[in-house]
Amino acid sequence: MTNADRPRGVTGEDVGPTARLLARAFGDDPMMCWFFPEEATRPAALAGYFDTLLTRQYLPYGVCERTGHAAAIWVAPEAQEKAVPDEGTIRELAALLGDRADWFRECVAAAAATAPQEAHWYLALLGTDPAAQGRGQGAVLLRAGLARADAAGLPVHLESSKRENLAVYRHFGFEVLEEVRLPADGPTLWTMRRAPGG
């Protein structure tokens with residue numbers, strides 16, 4: 001494993017490159033395509049979207065890690081209330097989302113309604129640059145976060161809007177809990193849980 005393949009913490013200086021990496025990783029994600037339907041402007045809009053989330057929510061309250069070609073954002077149990085996009089964040093995103101801003105608010109509320117009541121680690125985002133998929137960098141980040149949760153004896157929860165990713169997460173011990181249809185004819189969201197040591 002080279003240094004570029006090892007997990008390291010995301011710093012303020014990393015926000016721009018990490019946001020662009022996540023924009024490439026989520027360029028074909030059903031939820032992101034639904035939020036940003038214009039293919040020509042989607043890469044720049046997604047980079048702005050992830051830049052805002054990293055700056056306002058996840059760097060202050062989450063555990064943000066990356067390798068050379070993948071990034072993961074985790075939220076510990078004690079930080080989850082703060083790491084949810086707040087009204088200030090949503091206002092910043094409204095310019096990027098345009099007429100989809102209200103739908104975004106509804107989706108945040110719908111996802112929050114499915115949040116488990118048990119103490120847990122939350123995998124907010126995991127993305128690998130499409131040019132590097134299949135090389136194990138996402139798996140390295142996933143294993144690092146799962147090890148933290150296992151050390152604390154806690155389950156892990158996530159949501160995915162990409163059906164193809166469900167098998168990957170099942171391989172790491174996750175099970176589908178619920179299939180949620182997002183408001184305004186949005187895509188399906190699958191909530192998943194991994195038991196401690198799963």
# chains A, B, ... in the order shown; residues from 1 in each chain; ligands from 1
>>> residues_around(residues="region 95-106 of chain A", least_positions_apart="4", cutoff="9 Å", atoms="only C-alpha atoms", output="PDB file with C-alpha atoms, in the first residue's frame")
ATOM      1  CA  TRP A  34     -32.095  14.176  -9.280  1.00  0.00           C
ATOM      2  CA  PHE A  35     -30.854  17.211  -7.342  1.00  0.00           C
ATOM      3  CA  PHE A  36     -28.729  18.381 -10.285  1.00  0.00           C
ATOM      4  CA  ALA A  45     -22.622  22.117  -8.956  1.00  0.00           C
ATOM      5  CA  LEU A  46     -21.676  18.907  -7.142  1.00  0.00           C
ATOM      6  CA  GLY A  48     -19.895  23.337  -4.758  1.00  0.00           C
ATOM      7  CA  TYR A  49     -22.408  21.120  -2.957  1.00  0.00           C
ATOM      8  CA  ILE A  90     -29.392  24.776   3.149  1.00  0.00           C
ATOM      9  CA  ARG A  91     -29.501  28.481   2.284  1.00  0.00           C
ATOM     10  CA  ALA A 110     -37.287  12.361   5.075  1.00  0.00           C
ATOM     11  CA  ALA A 111     -33.797  11.002   5.737  1.00  0.00           C
ATOM     12  CA  LEU A 182     -38.084  10.239  -1.498  1.00  0.00           C
ATOM     13  CA  PRO A 183     -40.605  13.085  -1.908  1.00  0.00           C
ATOM     14  CA  ALA A 184     -41.565  14.665  -5.243  1.00  0.00           C
ATOM     15  CA  GLY A 186     -37.408  11.309  -6.078  1.00  0.00           C
TER      16      GLY A 186
END
>>> residues_around(residues="region 151-163 of chain A", least_positions_apart="6", cutoff="10 Å", atoms="only C-alpha atoms", output="ChimeraX atom specification")
/A:26,28-32,74-77,111,114-116,118-126,145,169,173-182,186-198
>>> closest_residue(among="A:Ala167, A:Ala72, A:Cys64, A:Ala79", to="Leu142 (chain A)", atoms="only C-alpha atoms")
A:Ala72
>>> atom_distance(atom1="CA of Ala109 (chain A)", atom2="CA of Glu81 (chain A)")
12.8 Å
>>> select_by_dssp(residues="chain A", states="strand (DSSP E)", output="VMD selection string")
chain A and resid 8 to 9 63 to 66 70 to 75 121 to 128 156 to 160 174 to 181 188 to 194
>>> write_last_selection(atoms="N, CA and C atoms", output="compact mmCIF listing (two decimals), in the first residue's frame")
# COMPACT_ATOMS: atom_id res chain seq x y z
N ARG A 8 -6.04 9.24 5.53
CA ARG A 8 -5.52 10.38 6.27
C ARG A 8 -6.65 11.37 6.48
N GLY A 9 -6.54 12.18 7.50
CA GLY A 9 -7.58 13.15 7.80
C GLY A 9 -7.64 14.25 6.75
N VAL A 63 -15.87 12.98 10.99
CA VAL A 63 -14.54 12.40 10.81
C VAL A 63 -14.38 12.24 9.30
N CYS A 64 -13.56 13.10 8.71
CA CYS A 64 -13.39 13.14 7.26
C CYS A 64 -12.02 12.58 6.92
N GLU A 65 -12.02 11.53 6.09
CA GLU A 65 -10.77 10.88 5.70
C GLU A 65 -10.75 10.70 4.20
N ARG A 66 -9.53 10.57 3.68
CA ARG A 66 -9.40 10.31 2.26
C ARG A 66 -8.12 9.54 1.98
N ALA A 70 -10.15 8.37 -2.98
CA ALA A 70 -11.44 8.08 -2.34
C ALA A 70 -11.57 8.95 -1.09
N ALA A 71 -12.81 9.16 -0.66
CA ALA A 71 -13.06 9.94 0.55
C ALA A 71 -14.25 9.34 1.30
N ALA A 72 -14.19 9.45 2.62
CA ALA A 72 -15.29 8.97 3.47
C ALA A 72 -15.55 10.00 4.55
N ILE A 73 -16.82 10.14 4.90
CA ILE A 73 -17.22 11.04 5.98
C ILE A 73 -18.07 10.24 6.96
N TRP A 74 -17.61 10.22 8.19
CA TRP A 74 -18.27 9.50 9.27
C TRP A 74 -18.73 10.50 10.33
N VAL A 75 -19.78 10.16 11.04
CA VAL A 75 -20.24 11.01 12.13
C VAL A 75 -20.44 10.13 13.37
N TRP A 121 -22.57 4.85 14.82
CA TRP A 121 -21.76 5.63 13.90
C TRP A 121 -22.54 5.74 12.60
N TYR A 122 -22.41 6.88 11.94
CA TYR A 122 -23.14 7.13 10.69
C TYR A 122 -22.13 7.34 9.56
N LEU A 123 -22.26 6.57 8.52
CA LEU A 123 -21.44 6.77 7.33
C LEU A 123 -22.21 7.70 6.40
N ALA A 124 -21.83 8.97 6.41
CA ALA A 124 -22.55 9.98 5.64
C ALA A 124 -22.23 9.90 4.15
N LEU A 125 -20.96 9.67 3.82
CA LEU A 125 -20.54 9.63 2.42
C LEU A 125 -19.34 8.71 2.27
N LEU A 126 -19.33 7.97 1.18
CA LEU A 126 -18.16 7.19 0.79
C LEU A 126 -18.13 7.22 -0.73
N GLY A 127 -17.06 7.76 -1.28
CA GLY A 127 -16.98 7.86 -2.73
C GLY A 127 -15.57 7.64 -3.24
N THR A 128 -15.48 6.99 -4.40
CA THR A 128 -14.20 6.75 -5.06
C THR A 128 -14.25 7.35 -6.45
N VAL A 156 -23.31 0.56 12.77
CA VAL A 156 -23.11 1.62 11.78
C VAL A 156 -24.35 1.69 10.92
N HIS A 157 -24.79 2.92 10.62
CA HIS A 157 -25.93 3.13 9.72
C HIS A 157 -25.48 3.97 8.52
N LEU A 158 -26.17 3.77 7.42
CA LEU A 158 -25.93 4.57 6.22
C LEU A 158 -27.19 4.58 5.38
N GLU A 159 -27.21 5.48 4.39
CA GLU A 159 -28.25 5.46 3.36
C GLU A 159 -27.56 5.42 2.01
N SER A 160 -28.16 4.71 1.07
CA SER A 160 -27.63 4.68 -0.30
C SER A 160 -28.79 4.85 -1.26
N PHE A 174 -23.43 -5.13 6.20
CA PHE A 174 -24.63 -4.30 6.30
C PHE A 174 -25.86 -5.08 5.81
N GLU A 175 -27.00 -4.74 6.38
CA GLU A 175 -28.28 -5.29 5.93
C GLU A 175 -29.23 -4.13 5.67
N VAL A 176 -30.08 -4.30 4.66
CA VAL A 176 -31.08 -3.27 4.36
C VAL A 176 -32.15 -3.28 5.45
N LEU A 177 -32.43 -2.10 6.00
CA LEU A 177 -33.49 -1.96 6.98
C LEU A 177 -34.79 -1.51 6.35
N GLU A 178 -34.68 -0.56 5.44
CA GLU A 178 -35.89 0.08 4.90
C GLU A 178 -35.62 0.61 3.50
N GLU A 179 -36.66 0.59 2.69
CA GLU A 179 -36.60 1.18 1.36
C GLU A 179 -37.52 2.41 1.39
N VAL A 180 -36.94 3.59 1.20
CA VAL A 180 -37.68 4.84 1.34
C VAL A 180 -37.79 5.52 -0.01
N ARG A 181 -39.01 5.86 -0.41
CA ARG A 181 -39.20 6.63 -1.64
C ARG A 181 -39.17 8.11 -1.26
N THR A 188 -35.22 6.17 -4.91
CA THR A 188 -35.35 5.33 -3.73
C THR A 188 -34.09 5.45 -2.89
N LEU A 189 -34.29 5.47 -1.58
CA LEU A 189 -33.18 5.51 -0.64
C LEU A 189 -33.25 4.25 0.21
N TRP A 190 -32.16 3.53 0.29
CA TRP A 190 -32.11 2.33 1.13
C TRP A 190 -31.35 2.67 2.40
N THR A 191 -31.95 2.40 3.56
CA THR A 191 -31.25 2.57 4.82
C THR A 191 -30.66 1.21 5.19
N MET A 192 -29.44 1.22 5.70
CA MET A 192 -28.72 -0.01 5.99
C MET A 192 -28.10 0.07 7.39
N ARG A 193 -27.92 -1.09 7.99
CA ARG A 193 -27.32 -1.18 9.34
C ARG A 193 -26.33 -2.33 9.37
N ARG A 194 -25.24 -2.09 10.06
CA ARG A 194 -24.25 -3.15 10.32
C ARG A 194 -24.12 -3.29 11.83
>>> select_by_dssp(residues="region 15-198 of chain A", states="helix (DSSP H, G or I)", output="PyMOL selection string")
chain A and resi 15-25+30-35+42-61+77-83+87-113+130-132+137-151+164-171
>>> residues_around(residues="Arg135 (chain A)", least_positions_apart="2", cutoff="12 Å", atoms="only C-alpha atoms", output="ChimeraX atom specification")
/A:1,5,67-70,128-133,137-140
>>> write_last_selection(atoms="N, CA and C atoms", output="short mmCIF file (atom, residue, chain, number, x, y, z; two decimals), in the first residue's frame")
data_model
loop_
_atom_site.label_atom_id
_atom_site.label_comp_id
_atom_site.auth_asym_id
_atom_site.auth_seq_id
_atom_site.Cartn_x
_atom_site.Cartn_y
_atom_site.Cartn_z
N MET A 1 0.85 -1.19 0.00
CA MET A 1 0.00 0.00 0.00
C MET A 1 0.89 1.24 0.00
N ASP A 5 -2.54 5.57 -0.81
CA ASP A 5 -3.63 4.62 -0.57
C ASP A 5 -4.01 4.52 0.90
N THR A 67 -8.09 8.93 0.82
CA THR A 67 -6.87 8.37 0.25
C THR A 67 -6.58 9.22 -0.98
N GLY A 68 -5.71 8.73 -1.85
CA GLY A 68 -5.43 9.49 -3.05
C GLY A 68 -6.63 9.63 -3.97
N HIS A 69 -7.56 8.65 -3.93
CA HIS A 69 -8.66 8.64 -4.89
C HIS A 69 -10.02 8.33 -4.29
N ALA A 70 -10.15 8.37 -2.98
CA ALA A 70 -11.44 8.08 -2.34
C ALA A 70 -11.57 8.95 -1.09
N THR A 128 -15.48 6.99 -4.40
CA THR A 128 -14.20 6.75 -5.06
C THR A 128 -14.25 7.35 -6.45
N ASP A 129 -13.18 8.02 -6.83
CA ASP A 129 -13.08 8.55 -8.19
C ASP A 129 -13.31 7.40 -9.18
N PRO A 130 -14.20 7.57 -10.15
CA PRO A 130 -14.48 6.48 -11.09
C PRO A 130 -13.23 5.93 -11.76
N ALA A 131 -12.22 6.76 -11.98
CA ALA A 131 -10.99 6.30 -12.62
C ALA A 131 -10.21 5.32 -11.75
N ALA A 132 -10.50 5.28 -10.45
CA ALA A 132 -9.77 4.42 -9.53
C ALA A 132 -10.65 3.36 -8.88
N GLN A 133 -11.88 3.22 -9.33
CA GLN A 133 -12.77 2.23 -8.71
C GLN A 133 -12.24 0.82 -8.96
N GLN A 137 -9.52 1.39 -2.66
CA GLN A 137 -9.34 2.57 -1.81
C GLN A 137 -10.58 2.88 -0.98
N GLY A 138 -11.76 2.70 -1.56
CA GLY A 138 -12.98 2.88 -0.79
C GLY A 138 -13.06 1.86 0.33
N ALA A 139 -12.65 0.63 0.05
CA ALA A 139 -12.68 -0.43 1.06
C ALA A 139 -11.75 -0.12 2.23
N VAL A 140 -10.59 0.47 1.95
CA VAL A 140 -9.65 0.86 3.01
C VAL A 140 -10.31 1.86 3.95
#
>>> residues_around(residues="Thr89 (chain A)", least_positions_apart="4", cutoff="8 Å", atoms="only C-alpha atoms", output="list in words")
Thr52, Leu53, Arg56, Gln57, Pro85 and Leu93 of chain A
>>> write_last_selection(atoms="N, CA, C and O atoms", output="short mmCIF file (atom, residue, chain, number, x, y, z; two decimals), in the first residue's frame")
data_model
loop_
_atom_site.label_atom_id
_atom_site.label_comp_id
_atom_site.auth_asym_id
_atom_site.auth_seq_id
_atom_site.Cartn_x
_atom_site.Cartn_y
_atom_site.Cartn_z
N THR A 52 -19.53 22.92 0.31
CA THR A 52 -20.35 23.52 1.36
C THR A 52 -20.57 22.55 2.51
O THR A 52 -20.43 22.91 3.69
N LEU A 53 -20.92 21.30 2.20
CA LEU A 53 -21.16 20.32 3.26
C LEU A 53 -19.90 20.05 4.08
O LEU A 53 -19.97 19.96 5.31
N ARG A 56 -19.11 23.45 6.19
CA ARG A 56 -20.08 23.87 7.21
C ARG A 56 -20.47 22.75 8.17
O ARG A 56 -20.79 23.02 9.33
N GLN A 57 -20.50 21.51 7.70
CA GLN A 57 -21.03 20.43 8.53
C GLN A 57 -19.98 19.39 8.92
O GLN A 57 -19.80 19.09 10.09
N PRO A 85 -27.47 18.90 7.90
CA PRO A 85 -27.49 20.23 7.27
C PRO A 85 -28.48 21.17 7.95
O PRO A 85 -29.67 20.85 8.06
N LEU A 93 -26.76 26.19 -0.07
CA LEU A 93 -26.94 25.22 -1.15
C LEU A 93 -28.05 25.63 -2.12
O LEU A 93 -28.08 25.17 -3.26
#
